[in-house]
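Worksheet: one structure, shown below.
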Amino acid sequence: MSGNESVDSHLSHDVLAFEYVTGVLRGEERRVFERLLHTNDSLADQVRFWEEQLMQLSDETDVRTPDADLWKNIQVRLNATTAHSEPVLTSKSLWPRWFMWAMPSLAVMVLAFSFLLFPPLKKTSGPNADYVAVLTDPQGAARLTVLTATSGKQLWLKWDSLNIAPEKNLQLWAVSKSDKQIRPLGVFAQTDIAQLELTKANWRLIKDAESLILTEEDVGGSPIDEPSDIVLAKGVCVLLAKLESAI
Amino acid sequence: MTASHDSRNEELISLVARCAIRDQAALKTLFERTGPYLNAVVYRIVKSDDVAKDVLQEAFLQIWNNAGTYRPHLANPLTWMASIARYRALDRLEVEQRLRERFVSADHEYSLDEHVSHHNPEHDASASQLKFNLHRCLLALSDNIKRSVELAYLYGYSREEIAQTFSTNTNTVKSWLHRGAERLKLCLETNQ
């Protein structure tokens, strides 16, 4: 096989995708197919179909412990790469540098994150997100991801390992872009709430928010409508529609 | 999908997401959770611990680098990671171009038979409807086609190696696989 045309014309995309995923496409055939794959969405869909189906051939309980040094080797490679290029979240606190993160790069990461954290495997069942914020703790670990969906009618919440102290609640706040005021969005007694109906007022708060913060408060929320000093997590609020058109 | 399977998926998705924002601790957890499985996937193909180690390292670096492109609504996280690991293992096979002797080994033949015998659709149904459907559809294929698919996917056999295993020629294997792909697709779509 010598070019795109030959790969494309001999067989149906289905069969080619099957051969690619099983691994019997080798050498130039494979490379030609991979080039085609980058520009052909329908072919990529076929490949994903076969990847998901054939994955069922392998037994997930069939495991083989990797070499003891392997993680260290990976870490060395990562650090060698990132030392000259990109920031890496480590156990060192990123808290003081929070809002110094460049907005555009964070926004892109948040966008990626938002697609990742709501995991429906069917294309139609995910929230059609408008705004998103990933709230991370002082160590940089994500604690809560917030999405507004269906044009501001619903708030989607993805909690992550966040314990509420006895006789305490969590409260979510919006920090306004326009007047920098912090206003309450909701109080949570438990972290198993995945969706909330949004009032019009709260929807406006989110649309105007530059960031969201999550604090620990007494039961019922802050009595003075101001956040306590116990800030558990915070994150920049990003409008997805603008981002998507910008990417 | 079972609740534990969903919860495992959610955990993996979150970990991949954190890799996208460059959280090395997340990659380490991902490595701990999936490394033994992915290592088994890779080892079956490359048949060498040293090579598997190299391949798995490359695979995890690619998972790290590509984490931002992963889309959970398009692929199961473990499938996404296993695909990366398998493709890197296949690349390695090509680079090395070395003769593998495994398919003439009597022990290996035994392990293949053993592997096939584990595919009990009723048992698999409890684990996953997808698995159940695939195995039901595979059982509807001729034994040669079914085993060719397994040898290629699980063990990284080329068409030529499959042909040697069945003492036939490469064109016959091509034809088996094409027929297998068409019939499997039809069966899987009918049962979806």
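Chain labels follow the order of the structure tokens: the first chain is A, the next B, and so on; residue numbering restarts at 1 in every chain, and ligands are counted from 1 in their shown order.
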#### Entry: Residue contacts of Arg92 of chain B (12 Å, only C-alpha atoms) excluding same-chain residues fewer than 3 positions away, as an MDAnalysis selection string
(chainID A and resid 23 26:27) or (chainID B and resid 42:43 45:48 50:56 58:59 85:89 95:98 156)
### Query
With distances taken over only C-alpha atoms, which of B:Tyr153, B:Phe132, B:Phe31, B:Trp64 is nearest to chain A?
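Looking at the shortest contact to chain A, the residue is B:Tyr153.
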